[in-house]
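Coordinates as given in target_10.cif (mmCIF, C-alpha atoms and all ligand atoms):
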```cif
data_protein
#
loop_
_atom_site.label_atom_id
_atom_site.label_comp_id
_atom_site.auth_asym_id
_atom_site.auth_seq_id
_atom_site.Cartn_x
_atom_site.Cartn_y
_atom_site.Cartn_z
CA MET D 1403 -9.07 5.83 -14.98
CA SER D 1404 -11.53 8.10 -16.67
CA ALA D 1405 -13.34 10.84 -14.78
CA SER D 1406 -16.57 8.96 -15.51
CA THR D 1407 -15.52 5.80 -13.66
CA ALA D 1408 -13.97 7.62 -10.67
CA PRO D 1409 -17.27 8.35 -8.86
CA HIS D 1410 -18.40 4.73 -9.26
CA LEU D 1411 -15.08 3.53 -7.86
CA VAL D 1412 -15.15 5.85 -4.86
CA ALA D 1413 -18.77 4.85 -4.19
CA ALA D 1414 -17.90 1.16 -4.41
CA VAL D 1415 -15.56 1.37 -1.41
CA SER D 1416 -17.59 0.21 1.59
CA GLU D 1417 -16.83 1.80 4.96
CA SER D 1418 -18.83 -0.85 6.85
CA ARG D 1419 -17.39 -3.85 5.01
CA GLN D 1420 -13.84 -2.64 5.68
CA TRP D 1421 -14.58 -1.89 9.34
CA ASP D 1422 -16.25 -5.27 9.83
CA ARG D 1423 -13.23 -7.08 8.40
CA LEU D 1424 -10.88 -5.08 10.65
CA MET D 1425 -12.95 -5.95 13.70
CA GLN D 1426 -12.97 -9.66 12.74
CA MET D 1427 -9.19 -9.53 12.44
CA ALA D 1428 -8.95 -7.76 15.81
CA GLU D 1429 -10.58 -10.81 17.44
CA LEU D 1430 -7.56 -12.92 16.48
CA GLY D 1431 -5.18 -12.19 19.35
CA ALA D 1432 -7.54 -9.81 21.16
CA ILE D 1433 -6.11 -8.30 24.37
CA THR D 1434 -7.28 -5.58 26.76
CA GLY D 1435 -4.95 -2.66 27.41
CA ALA D 1436 -4.18 -1.21 30.85
CA ASP D 1437 -6.78 1.51 30.21
CA GLY D 1438 -9.36 -1.06 29.02
CA SER D 1439 -8.78 -0.40 25.31
CA PRO D 1440 -9.21 -3.38 22.95
CA GLY D 1441 -5.85 -4.25 21.42
CA VAL D 1442 -4.18 -7.14 19.62
CA ASN D 1443 -1.23 -9.40 20.29
CA ARG D 1444 -0.66 -11.42 17.11
CA ALA D 1445 3.01 -12.28 16.61
CA CYS D 1446 4.33 -13.42 13.24
CA LEU D 1447 4.54 -17.12 12.32
CA THR D 1448 2.15 -18.23 15.06
CA PRO D 1449 -1.12 -20.21 14.84
CA LEU D 1450 -2.94 -16.89 15.38
CA ASP D 1451 -1.05 -15.36 12.46
CA ARG D 1452 -2.03 -18.32 10.29
CA GLU D 1453 -5.66 -18.09 11.39
CA ALA D 1454 -5.72 -14.42 10.34
CA ARG D 1455 -4.10 -15.28 7.01
CA ARG D 1456 -6.68 -18.01 6.33
CA LEU D 1457 -9.48 -15.52 7.02
CA LEU D 1458 -7.90 -13.03 4.60
CA ILE D 1459 -7.41 -15.78 2.00
CA ARG D 1460 -11.07 -16.73 2.29
CA TRP D 1461 -12.20 -13.15 1.65
CA ALA D 1462 -9.77 -12.90 -1.28
CA THR D 1463 -10.72 -16.18 -2.96
CA ASP D 1464 -14.43 -15.36 -2.53
CA LEU D 1465 -13.58 -12.26 -4.55
CA GLY D 1466 -11.83 -14.28 -7.27
CA LEU D 1467 -8.27 -13.29 -6.41
CA THR D 1468 -5.49 -15.87 -6.73
CA VAL D 1469 -3.29 -16.70 -3.75
CA SER D 1470 0.45 -17.44 -3.53
CA VAL D 1471 3.21 -17.45 -0.90
CA ASP D 1472 7.00 -17.21 -1.16
CA GLU D 1473 9.76 -18.86 0.89
CA LEU D 1474 9.66 -16.14 3.55
CA GLY D 1475 5.90 -16.64 3.93
CA ASN D 1476 5.04 -13.34 2.22
CA LEU D 1477 1.41 -13.77 1.13
CA PHE D 1478 0.17 -12.40 -2.23
CA LEU D 1479 -3.45 -11.98 -3.43
CA ARG D 1480 -3.62 -11.20 -7.17
CA HIS D 1481 -6.25 -9.33 -9.18
CA GLU D 1482 -5.53 -10.17 -12.82
CA GLY D 1483 -5.24 -7.23 -15.21
CA THR D 1484 -6.07 -7.24 -18.92
CA GLU D 1485 -2.35 -7.48 -19.68
CA PRO D 1486 -1.13 -10.04 -17.14
CA ASN D 1487 2.46 -9.99 -18.40
CA GLU D 1488 2.86 -6.32 -17.53
CA ALA D 1489 4.63 -5.53 -14.22
CA PRO D 1490 1.93 -5.46 -11.52
CA ILE D 1491 1.08 -2.78 -8.99
CA LEU D 1492 1.84 -3.99 -5.46
CA THR D 1493 -0.02 -2.79 -2.37
CA GLY D 1494 -0.25 -4.08 1.20
CA SER D 1495 1.42 -4.00 4.60
CA HIS D 1496 1.82 -6.44 7.51
CA MET D 1497 -0.53 -8.56 9.68
CA ASP D 1498 1.76 -9.12 12.66
CA THR D 1499 1.45 -6.83 15.66
CA GLN D 1500 3.46 -5.65 18.60
CA PRO D 1501 2.89 -7.76 21.77
CA ASN D 1502 0.89 -4.86 23.23
CA GLY D 1503 -0.38 -3.70 19.87
CA GLY D 1504 -3.41 -2.00 18.38
CA ARG D 1505 -6.16 -3.03 15.96
CA PHE D 1506 -4.94 -0.99 12.95
CA ASP D 1507 -1.12 -0.87 12.64
CA GLY D 1508 -0.27 -2.94 9.56
CA ILE D 1509 -3.48 -4.88 9.16
CA TRP D 1510 -5.39 -1.84 7.90
CA GLY D 1511 -3.00 -1.56 4.94
CA VAL D 1512 -3.76 -5.16 3.96
CA ILE D 1513 -7.53 -4.84 4.48
CA ALA D 1514 -7.54 -1.48 2.66
CA GLY D 1515 -5.81 -3.18 -0.27
CA LEU D 1516 -8.53 -5.83 -0.34
CA GLU D 1517 -11.26 -3.17 -0.08
CA ALA D 1518 -9.70 -1.11 -2.88
CA VAL D 1519 -9.39 -4.11 -5.20
CA GLN D 1520 -12.93 -5.26 -4.40
CA ALA D 1521 -14.21 -1.77 -5.24
CA ILE D 1522 -12.21 -1.75 -8.51
CA ARG D 1523 -13.81 -5.07 -9.48
CA GLU D 1524 -17.35 -4.11 -8.38
CA ALA D 1525 -17.14 -0.74 -10.13
CA GLY D 1526 -16.09 -2.53 -13.31
CA VAL D 1527 -12.87 -0.51 -13.58
CA GLN D 1528 -10.58 -2.25 -16.08
CA THR D 1529 -6.91 -2.32 -15.09
CA ARG D 1530 -4.24 -3.03 -17.67
CA ARG D 1531 -1.78 -4.11 -15.00
CA SER D 1532 -2.54 -6.73 -12.37
CA ILE D 1533 -2.75 -5.58 -8.76
CA GLU D 1534 -1.23 -7.73 -6.02
CA ILE D 1535 -2.05 -7.29 -2.34
CA VAL D 1536 0.84 -8.42 -0.11
CA ALA D 1537 1.01 -9.32 3.59
CA TRP D 1538 4.70 -9.13 4.52
CA THR D 1539 6.25 -11.53 7.03
CA ASN D 1540 7.49 -10.11 10.35
CA GLU D 1541 7.36 -6.35 9.82
CA GLU D 1542 7.28 -5.60 13.54
CA GLY D 1543 10.38 -7.46 14.70
CA GLY D 1544 8.71 -8.00 18.09
CA ARG D 1545 9.08 -11.78 18.22
CA PHE D 1546 12.13 -12.05 15.94
CA ALA D 1547 14.36 -8.97 15.60
CA PRO D 1548 14.72 -7.11 13.33
CA GLY D 1549 11.52 -6.12 11.58
CA CYS D 1550 10.84 -6.13 7.83
CA MET D 1551 12.38 -9.56 7.25
CA GLY D 1552 9.83 -10.48 4.57
CA SER D 1553 10.20 -7.28 2.57
CA MET D 1554 14.01 -7.20 2.98
CA ALA D 1555 14.26 -10.74 1.58
CA TYR D 1556 11.77 -9.98 -1.25
CA ALA D 1557 13.83 -6.92 -2.24
CA HIS D 1558 17.09 -8.96 -1.96
CA PHE D 1559 18.28 -6.37 0.57
CA LYS D 1560 19.46 -9.37 2.62
CA PRO D 1561 19.76 -13.09 1.77
CA ALA D 1562 16.66 -15.13 2.71
CA ASP D 1563 18.61 -17.17 5.32
CA THR D 1564 20.06 -14.11 7.12
CA TRP D 1565 17.87 -14.52 10.20
CA ASP D 1566 17.67 -18.33 10.47
CA ALA D 1567 19.41 -18.40 13.86
CA VAL D 1568 17.56 -15.45 15.41
CA ALA D 1569 15.67 -16.77 18.46
CA ASP D 1570 12.51 -15.50 20.09
CA PRO D 1571 12.27 -15.09 23.91
CA GLU D 1572 11.27 -18.78 24.19
CA GLY D 1573 14.35 -19.88 22.24
CA VAL D 1574 12.50 -20.82 19.04
CA THR D 1575 14.57 -19.82 16.00
CA PHE D 1576 13.14 -17.91 13.05
CA ARG D 1577 14.01 -20.86 10.81
CA GLN D 1578 12.11 -23.32 13.05
CA ALA D 1579 9.06 -21.04 13.16
CA LEU D 1580 9.20 -20.38 9.41
CA ASP D 1581 9.53 -24.10 8.57
CA GLU D 1582 6.53 -24.88 10.78
CA HIS D 1583 4.61 -22.03 9.16
CA ARG D 1584 5.48 -23.10 5.63
CA SER D 1585 4.43 -26.70 6.22
CA ALA D 1586 1.13 -25.50 7.70
CA GLU D 1587 0.59 -23.53 4.48
CA ALA D 1588 2.00 -26.14 2.10
CA ASP D 1589 -1.41 -26.31 0.40
CA LEU D 1590 -1.03 -22.74 -0.88
CA PRO D 1591 0.49 -22.12 -4.34
CA GLN D 1592 4.18 -21.28 -4.08
CA ARG D 1593 5.97 -18.46 -5.89
CA PRO D 1594 9.65 -17.54 -6.18
CA LEU D 1595 11.03 -14.92 -3.78
CA GLY D 1596 11.22 -11.43 -5.26
CA GLY D 1597 9.60 -9.55 -8.08
CA LYS D 1598 9.66 -6.36 -10.11
CA PRO D 1599 6.47 -4.39 -9.48
CA HIS D 1600 5.67 -1.31 -11.55
CA ALA D 1601 4.93 0.58 -8.31
CA TYR D 1602 4.25 -0.08 -4.62
CA VAL D 1603 1.67 1.79 -2.51
CA GLU D 1604 1.22 1.12 1.23
CA ALA D 1605 -1.68 2.44 3.28
CA HIS D 1606 -0.99 2.83 7.01
CA ILE D 1607 -2.22 4.76 10.03
CA GLU D 1608 0.07 7.73 10.72
CA GLN D 1609 1.19 6.54 14.17
CA GLY D 1610 1.81 10.22 14.90
CA PRO D 1611 -0.37 13.20 15.90
CA ARG D 1612 -0.01 15.63 12.99
CA LEU D 1613 -2.93 14.75 10.68
CA GLU D 1614 -5.44 14.81 13.53
CA ALA D 1615 -3.94 17.84 15.31
CA GLU D 1616 -3.67 19.93 12.12
CA GLY D 1617 -6.99 18.83 10.63
CA PHE D 1618 -5.87 16.84 7.58
CA ASP D 1619 -7.63 13.80 6.13
CA ILE D 1620 -4.79 12.16 4.19
CA GLY D 1621 -1.03 12.08 4.69
CA VAL D 1622 0.93 12.06 1.42
CA VAL D 1623 4.02 10.39 2.81
CA THR D 1624 7.25 11.88 1.41
CA GLY D 1625 9.65 9.29 2.80
CA ILE D 1626 10.80 7.36 5.87
CA GLN D 1627 13.54 8.28 8.34
CA GLY D 1628 16.49 5.98 8.90
CA SER D 1629 16.53 3.32 11.62
CA ARG D 1630 19.39 1.37 13.20
CA TRP D 1631 18.90 -1.42 15.76
CA PHE D 1632 21.64 -2.82 18.00
CA ILE D 1633 21.83 -5.50 20.69
CA VAL D 1634 24.34 -4.83 23.49
CA GLU D 1635 25.61 -7.67 25.67
CA LEU D 1636 27.48 -6.95 28.95
CA ARG D 1637 29.16 -9.90 30.69
CA GLY D 1638 30.42 -9.57 34.28
CA GLU D 1639 30.47 -11.97 37.23
CA THR D 1640 27.62 -13.01 39.45
CA ALA D 1641 28.17 -12.74 43.23
CA HIS D 1642 26.37 -12.68 46.57
CA ALA D 1643 24.50 -9.40 47.10
CA GLY D 1644 25.21 -9.52 50.83
CA THR D 1645 28.87 -10.38 50.87
CA ALA D 1646 30.60 -9.27 47.67
CA PRO D 1647 32.34 -5.89 48.19
CA LEU D 1648 31.21 -3.33 45.63
CA SER D 1649 34.86 -2.55 44.82
CA LEU D 1650 35.38 -6.13 43.59
CA ARG D 1651 32.16 -6.58 41.64
CA LYS D 1652 31.72 -7.00 37.86
CA ASP D 1653 28.11 -5.90 37.94
CA ALA D 1654 26.45 -5.96 34.50
CA VAL D 1655 23.50 -3.82 35.64
CA GLN D 1656 25.74 -1.06 36.96
CA ASP D 1657 27.68 -1.06 33.69
CA MET D 1658 24.42 -0.96 31.73
CA ILE D 1659 23.44 2.16 33.65
CA ARG D 1660 26.82 3.75 32.83
CA ALA D 1661 26.43 2.76 29.16
CA VAL D 1662 22.87 4.08 28.77
CA THR D 1663 23.80 7.33 30.57
CA ALA D 1664 26.64 7.86 28.11
CA LEU D 1665 24.40 6.99 25.16
CA ASN D 1666 21.79 9.49 26.37
CA ALA D 1667 24.49 12.16 26.21
CA LEU D 1668 25.53 11.06 22.70
CA MET D 1669 21.92 11.12 21.53
CA THR D 1670 20.96 14.46 23.10
CA ASP D 1671 19.03 16.54 20.56
CA PRO D 1672 17.52 19.87 21.68
CA THR D 1673 15.41 19.92 18.50
CA ASP D 1674 13.80 16.58 19.55
CA VAL D 1675 14.10 15.10 16.05
CA LEU D 1676 16.40 12.23 17.01
CA ARG D 1677 14.79 9.06 18.39
CA PHE D 1678 16.69 6.81 20.84
CA THR D 1679 15.01 3.95 22.70
CA VAL D 1680 16.19 1.17 25.01
CA GLY D 1681 13.07 -0.98 24.89
CA ARG D 1682 14.09 -4.47 25.97
CA ILE D 1683 16.42 -5.43 28.85
CA GLU D 1684 17.33 -8.98 29.88
CA VAL D 1685 19.14 -9.51 33.19
CA GLN D 1686 20.70 -12.76 34.42
CA PRO D 1687 20.41 -14.41 36.90
CA ASN D 1688 17.62 -11.89 37.55
CA THR D 1689 17.29 -12.43 41.31
CA SER D 1690 17.24 -9.71 43.94
CA ASN D 1691 20.16 -11.10 45.96
CA SER D 1692 22.67 -11.98 43.21
CA VAL D 1693 24.84 -9.50 41.30
CA ALA D 1694 23.92 -9.61 37.59
CA ASP D 1695 26.58 -11.23 35.40
CA LEU D 1696 24.74 -10.71 32.11
CA VAL D 1697 22.68 -7.87 30.68
CA ARG D 1698 21.39 -7.71 27.11
CA PHE D 1699 19.68 -4.51 26.03
CA THR D 1700 18.33 -3.28 22.71
CA ILE D 1701 18.94 0.05 21.00
CA ASP D 1702 16.49 1.52 18.50
CA PHE D 1703 18.07 4.68 17.02
CA ARG D 1704 16.39 6.76 14.28
CA HIS D 1705 16.99 9.99 12.41
CA PRO D 1706 15.94 11.51 9.07
CA ASP D 1707 19.50 12.72 8.30
CA LYS D 1708 21.70 10.00 6.77
CA GLU D 1709 25.00 11.53 7.94
CA LEU D 1710 23.88 11.87 11.55
CA LEU D 1711 22.36 8.38 11.50
CA ILE D 1712 25.73 7.00 10.40
CA THR D 1713 27.92 9.18 12.62
CA ASN D 1714 25.98 8.68 15.84
CA GLY D 1715 25.21 5.03 15.10
CA ASP D 1716 28.87 4.28 14.44
CA ALA D 1717 29.80 6.00 17.74
CA ILE D 1718 27.59 3.71 19.86
CA GLU D 1719 30.12 0.92 20.39
CA ASN D 1720 32.98 3.19 21.47
CA THR D 1721 30.68 5.29 23.68
CA ILE D 1722 29.67 2.14 25.58
CA ALA D 1723 33.22 0.74 25.77
CA THR D 1724 34.48 4.03 27.23
CA ALA D 1725 31.64 4.34 29.76
CA ILE D 1726 31.64 0.84 31.33
CA LYS D 1727 34.03 -0.12 34.12
CA THR D 1728 34.11 -3.85 34.83
CA CYS D 1729 32.31 -5.92 32.17
CA ALA D 1730 33.13 -7.28 28.73
CA VAL D 1731 30.88 -5.88 26.01
CA THR D 1732 29.71 -6.91 22.54
CA VAL D 1733 27.61 -4.61 20.35
CA THR D 1734 25.88 -6.13 17.32
CA GLU D 1735 23.96 -4.18 14.70
CA ARG D 1736 20.76 -5.98 13.68
CA PHE D 1737 18.97 -3.51 11.44
CA HIS D 1738 20.34 -0.77 9.19
CA ALA D 1739 17.70 1.10 7.17
CA LEU D 1740 18.85 4.39 5.62
CA PRO D 1741 16.37 7.25 5.13
CA VAL D 1742 14.37 6.99 1.88
CA GLU D 1743 12.47 9.48 -0.29
CA PHE D 1744 9.30 8.35 -2.09
CA ASP D 1745 8.80 8.75 -5.83
CA ALA D 1746 6.69 11.56 -7.29
CA LEU D 1747 4.89 9.06 -9.54
CA VAL D 1748 3.22 7.67 -6.41
CA THR D 1749 3.13 10.70 -4.12
CA ASP D 1750 1.52 12.83 -6.85
CA ALA D 1751 -0.99 10.05 -7.68
CA VAL D 1752 -1.95 9.88 -4.00
CA GLU D 1753 -2.28 13.67 -3.70
CA ASP D 1754 -4.31 13.93 -6.94
CA ALA D 1755 -6.65 11.13 -5.83
CA ALA D 1756 -7.24 12.70 -2.43
CA THR D 1757 -7.72 16.19 -3.83
CA ALA D 1758 -10.19 14.92 -6.43
CA GLN D 1759 -12.22 13.48 -3.55
CA GLY D 1760 -12.21 16.80 -1.72
CA LEU D 1761 -9.90 15.55 1.04
CA LYS D 1762 -7.37 17.78 2.78
CA THR D 1763 -3.80 16.50 2.31
CA LEU D 1764 -0.52 17.07 4.15
CA ARG D 1765 2.89 16.00 2.87
CA LEU D 1766 4.92 14.54 5.72
CA PRO D 1767 7.69 11.99 6.38
CA SER D 1768 7.19 8.79 8.37
CA GLY D 1769 8.85 8.40 11.77
CA ALA D 1770 7.94 4.71 11.83
CA PHE D 1771 9.67 2.34 9.46
CA HIS D 1772 7.58 0.28 7.02
CA ASP D 1773 8.06 -2.44 4.43
CA ALA D 1774 7.82 0.37 1.86
CA GLN D 1775 11.34 1.40 2.96
CA PHE D 1776 12.78 -1.66 1.20
CA MET D 1777 10.67 -1.34 -1.93
CA VAL D 1778 12.20 2.06 -2.83
CA PRO D 1779 15.23 0.62 -4.72
CA LEU D 1780 12.92 -1.77 -6.61
CA CYS D 1781 10.20 0.53 -7.97
CA PRO D 1782 8.42 3.88 -7.51
CA THR D 1783 7.07 3.66 -3.97
CA GLY D 1784 4.79 5.72 -1.76
CA MET D 1785 2.45 5.58 1.23
CA ILE D 1786 -0.94 6.88 2.27
CA PHE D 1787 -1.50 7.87 5.92
CA VAL D 1788 -4.78 8.35 7.72
CA PRO D 1789 -5.09 10.07 11.13
CA CYS D 1790 -5.03 8.04 14.33
CA ARG D 1791 -6.28 9.29 17.68
CA LYS D 1792 -3.63 11.42 19.42
CA GLY D 1793 -1.02 9.66 17.27
CA ILE D 1794 -1.12 6.68 19.66
CA SER D 1795 0.25 3.40 18.28
CA HIS D 1796 2.05 0.26 19.50
CA ASN D 1797 -0.58 0.50 22.20
CA PRO D 1798 -4.09 -1.04 22.52
CA ALA D 1799 -5.48 2.52 22.64
CA GLU D 1800 -4.53 2.94 18.93
CA TYR D 1801 -7.67 4.07 17.06
CA SER D 1802 -8.80 5.42 13.70
CA GLU D 1803 -12.43 6.10 12.82
CA PRO D 1804 -14.31 4.01 10.24
CA GLY D 1805 -14.80 7.15 8.10
CA GLN D 1806 -11.09 8.05 8.22
CA LEU D 1807 -10.14 4.52 7.19
CA ALA D 1808 -12.75 4.52 4.40
CA ALA D 1809 -11.36 7.81 3.06
CA GLY D 1810 -7.91 6.18 3.01
CA ALA D 1811 -9.23 3.14 1.16
CA ARG D 1812 -10.96 5.38 -1.41
CA VAL D 1813 -7.71 7.25 -2.06
CA LEU D 1814 -5.88 3.92 -2.31
CA ALA D 1815 -8.47 2.57 -4.78
CA ALA D 1816 -8.18 5.60 -7.05
CA THR D 1817 -4.38 5.58 -6.81
CA LEU D 1818 -4.15 1.87 -7.67
CA ALA D 1819 -6.57 2.27 -10.59
CA LYS D 1820 -4.51 5.14 -11.97
CA LEU D 1821 -1.14 3.40 -11.58
CA ALA D 1822 -2.52 0.13 -12.96
CA ASN D 1823 -3.46 1.92 -16.17
CA ALA D 1824 -0.23 3.90 -16.42
O1 LIG D 1901 8.98 0.21 14.60
C1 LIG D 1901 8.41 0.70 13.63
O2 LIG D 1901 8.70 1.80 13.19
C2 LIG D 1901 7.29 -0.05 12.95
O3 LIG D 1901 6.08 0.46 13.44
N1 LIG D 1901 7.35 -1.46 13.17
MN MN D 1902 3.22 -0.94 10.86
MN MN D 1903 4.30 -1.17 14.11
#
```
Please express the file's structure as structure tokens.
Amino acid sequence: MSASTAPHLVAAVSESRQWDRLMQMAELGAITGADGSPGVNRACLTPLDREARRLLIRWATDLGLTVSVDELGNLFLRHEGTEPNEAPILTGSHMDTQPNGGRFDGIWGVIAGLEAVQAIREAGVQTRRSIEIVAWTNEEGGRFAPGCMGSMAYAHFKPADTWDAVADPEGVTFRQALDEHRSAEADLPQRPLGGKPHAYVEAHIEQGPRLEAEGFDIGVVTGIQGSRWFIVELRGETAHAGTAPLSLRKDAVQDMIRAVTALNALMTDPTDVLRFTVGRIEVQPNTSNSVADLVRFTIDFRHPDKELLITNGDAIENTIATAIKTCAVTVTERFHALPVEFDALVTDAVEDAATAQGLKTLRLPSGAFHDAQFMVPLCPTGMIFVPCRKGISHNPAEYSEPGQLAAGARVLAATLAKLANA
């Protein structure tokens, strides 16, 4: 993009239009947090998810973009370039949220993509390559674990039917929900799963405190740490809480406590870089006067160092087996994302765009995983972060200012325009 068109492009990005679209999306699944903050609960493959997608599709088709969906429900909105057979530039993120989520995680990356493409069109910036905005299916993994199913299938990281039998807390399988979703969107043009973009750029709130605390406008994301998810199942015997001697019990809750205590020791990190979370616990029969005969708990383990991620992750099963006393145990790995480094083609384009707009940039890795993690083997990939208040996310109190989000969209627009003419 020439220096002469850059100012028109930056000026064509509308802070108010982007904010208004975000606030309309935030109405779809609106919740109120414990502190009164407005949040969103919009799980993937639900009627709410489809309502949000229809709203996005309306904005996109009003703009003249073409719509398509693949067999995982990934949604694509295409701005045609002057050379449509050239590999496109892909940008986007996810529209699903955590159950107690915020108004910006994921959805801003999709809305910013739409804002950037609208500005490119309104500023009359020609792009040789087409630009496709994508909304990935099930990035969060809240309803169906793990996350990033849509991007993993698109990148052929896993076969498309890998998660068919995964059930949500109500017992609905991913396949049932996806089939219902696909028939509700059968009117949309279909496209084959997969693709070979020229580059992928994802805009996202930082979900951490650094940009705000250190006074930076834009995060030039250098990569994403590794993540491993496990589900642990402990099976004992239920018994009467008043009569069963403790010495004879096979108490799944007591063994869970032993297991988590041992895992805490394994995952101790005085440098506080390692991340270890037990976020979901199911207990059966879940009554106060019966000994629990079944406990299922989740493990979310993350680290930027590949060796440590593998070593500590591989030690989880034996650590649990050694720590428990009375139950049978099964440990199943559900997500295995190694650390990735982003490509200089994209990180430099992001940094140049931000610097040209007088924005202060910081290079930093992402602690959260993103769909971008699975695009890295496919094409040069990178991300743009904007600050979020106190780094709060996965929480209705998540917040970024309209001006911060507009600055991110302006950097995205300039980055896309540059890559689309590369
Ligand atoms: O869990 C994650 O890192 C992402 O925010 N879903
Ligand atoms: Mn996200
Ligand atoms: Mn998230």
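Taking only C-alpha atoms, the non-local environment of Pro1409 of chain D within 12 Å (same-chain residues fewer than 5 positions away omitted) comprises Met1403, Ser1404, Ala1414, Val1415, Ala1521, Ile1522, Ala1525, Gly1526, Val1527, Ala1755, Ala1758, Gln1759, Arg1812, Val1813, Ala1815 and Ala1816 of chain D.
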Fewer than 6 positions away in the same chain doesn't count, so skip those; otherwise give me all residues within 8 Å of Trp1510 of chain D, counting only C-alpha atoms, as a PDB file with C-alpha atoms, in the coordinates of the input.
```pdb
ATOM      1  CA  LEU D1424     -10.880  -5.080  10.650  1.00  0.00           C
ATOM      2  CA  SER D1495       1.420  -4.000   4.600  1.00  0.00           C
ATOM      3  CA  ALA D1605      -1.680   2.440   3.280  1.00  0.00           C
ATOM      4  CA  HIS D1606      -0.990   2.830   7.010  1.00  0.00           C
ATOM      5  CA  ILE D1607      -2.220   4.760  10.030  1.00  0.00           C
ATOM      6  CA  LEU D1807     -10.140   4.520   7.190  1.00  0.00           C
TER       7      LEU D1807
END
```
In file coordinates, which residues lie within 12 Å of (30.5, -4.3, 31.0) using only C-alpha atoms, given as a compact mmCIF listing (two decimals) with C-alpha atoms, in the frame of the given file?
```
# COMPACT_ATOMS: atom_id res chain seq x y z
CA VAL D 1634 24.34 -4.83 23.49
CA GLU D 1635 25.61 -7.67 25.67
CA LEU D 1636 27.48 -6.95 28.95
CA ARG D 1637 29.16 -9.90 30.69
CA GLY D 1638 30.42 -9.57 34.28
CA GLU D 1639 30.47 -11.97 37.23
CA ARG D 1651 32.16 -6.58 41.64
CA LYS D 1652 31.72 -7.00 37.86
CA ASP D 1653 28.11 -5.90 37.94
CA ALA D 1654 26.45 -5.96 34.50
CA VAL D 1655 23.50 -3.82 35.64
CA GLN D 1656 25.74 -1.06 36.96
CA ASP D 1657 27.68 -1.06 33.69
CA MET D 1658 24.42 -0.96 31.73
CA ILE D 1659 23.44 2.16 33.65
CA ARG D 1660 26.82 3.75 32.83
CA ALA D 1661 26.43 2.76 29.16
CA VAL D 1662 22.87 4.08 28.77
CA ALA D 1694 23.92 -9.61 37.59
CA ASP D 1695 26.58 -11.23 35.40
CA LEU D 1696 24.74 -10.71 32.11
CA VAL D 1697 22.68 -7.87 30.68
CA ARG D 1698 21.39 -7.71 27.11
CA PHE D 1699 19.68 -4.51 26.03
CA GLU D 1719 30.12 0.92 20.39
CA ILE D 1722 29.67 2.14 25.58
CA ALA D 1723 33.22 0.74 25.77
CA THR D 1724 34.48 4.03 27.23
CA ALA D 1725 31.64 4.34 29.76
CA ILE D 1726 31.64 0.84 31.33
CA LYS D 1727 34.03 -0.12 34.12
CA THR D 1728 34.11 -3.85 34.83
CA CYS D 1729 32.31 -5.92 32.17
CA ALA D 1730 33.13 -7.28 28.73
CA VAL D 1731 30.88 -5.88 26.01
CA THR D 1732 29.71 -6.91 22.54
CA VAL D 1733 27.61 -4.61 20.35
```
With all atoms listed in the file counted and 10 Å as the cut-off, give the residues of chain D in contact with ligand MN 1903 (chain D), each with its shortest interatomic distance in Å and the pair that gives it, as JSON lines.
```
{"residue": "D:His1496", "atom": "CA", "partner": "D:MN1903", "partner_atom": "MN", "distance": 8.8}
{"residue": "D:Met1497", "atom": "CA", "partner": "D:MN1903", "partner_atom": "MN", "distance": 9.9}
{"residue": "D:Asp1498", "atom": "CA", "partner": "D:MN1903", "partner_atom": "MN", "distance": 8.5}
{"residue": "D:Thr1499", "atom": "CA", "partner": "D:MN1903", "partner_atom": "MN", "distance": 6.5}
{"residue": "D:Gln1500", "atom": "CA", "partner": "D:MN1903", "partner_atom": "MN", "distance": 6.4}
{"residue": "D:Gly1503", "atom": "CA", "partner": "D:MN1903", "partner_atom": "MN", "distance": 7.8}
{"residue": "D:Gly1504", "atom": "CA", "partner": "D:MN1903", "partner_atom": "MN", "distance": 8.9}
{"residue": "D:Phe1506", "atom": "CA", "partner": "D:MN1903", "partner_atom": "MN", "distance": 9.3}
{"residue": "D:Asp1507", "atom": "CA", "partner": "D:MN1903", "partner_atom": "MN", "distance": 5.6}
{"residue": "D:Gly1508", "atom": "CA", "partner": "D:MN1903", "partner_atom": "MN", "distance": 6.7}
{"residue": "D:Ile1509", "atom": "CA", "partner": "D:MN1903", "partner_atom": "MN", "distance": 9.9}
{"residue": "D:Glu1541", "atom": "CA", "partner": "D:MN1903", "partner_atom": "MN", "distance": 7.4}
{"residue": "D:Glu1542", "atom": "CA", "partner": "D:MN1903", "partner_atom": "MN", "distance": 5.4}
{"residue": "D:Gly1543", "atom": "CA", "partner": "D:MN1903", "partner_atom": "MN", "distance": 8.8}
{"residue": "D:Gly1544", "atom": "CA", "partner": "D:MN1903", "partner_atom": "MN", "distance": 9.1}
{"residue": "D:Gly1549", "atom": "CA", "partner": "D:MN1903", "partner_atom": "MN", "distance": 9.1}
{"residue": "D:His1606", "atom": "CA", "partner": "D:MN1903", "partner_atom": "MN", "distance": 9.7}
{"residue": "D:Ile1607", "atom": "CA", "partner": "D:MN1903", "partner_atom": "MN", "distance": 9.7}
{"residue": "D:Gln1609", "atom": "CA", "partner": "D:MN1903", "partner_atom": "MN", "distance": 8.3}
{"residue": "D:Ala1770", "atom": "CA", "partner": "D:MN1903", "partner_atom": "MN", "distance": 7.3}
{"residue": "D:Phe1771", "atom": "CA", "partner": "D:MN1903", "partner_atom": "MN", "distance": 7.9}
{"residue": "D:His1772", "atom": "CA", "partner": "D:MN1903", "partner_atom": "MN", "distance": 7.9}
{"residue": "D:Ser1795", "atom": "CA", "partner": "D:MN1903", "partner_atom": "MN", "distance": 7.4}
{"residue": "D:His1796", "atom": "CA", "partner": "D:MN1903", "partner_atom": "MN", "distance": 6.0}
{"residue": "D:Asn1797", "atom": "CA", "partner": "D:MN1903", "partner_atom": "MN", "distance": 9.6}
```
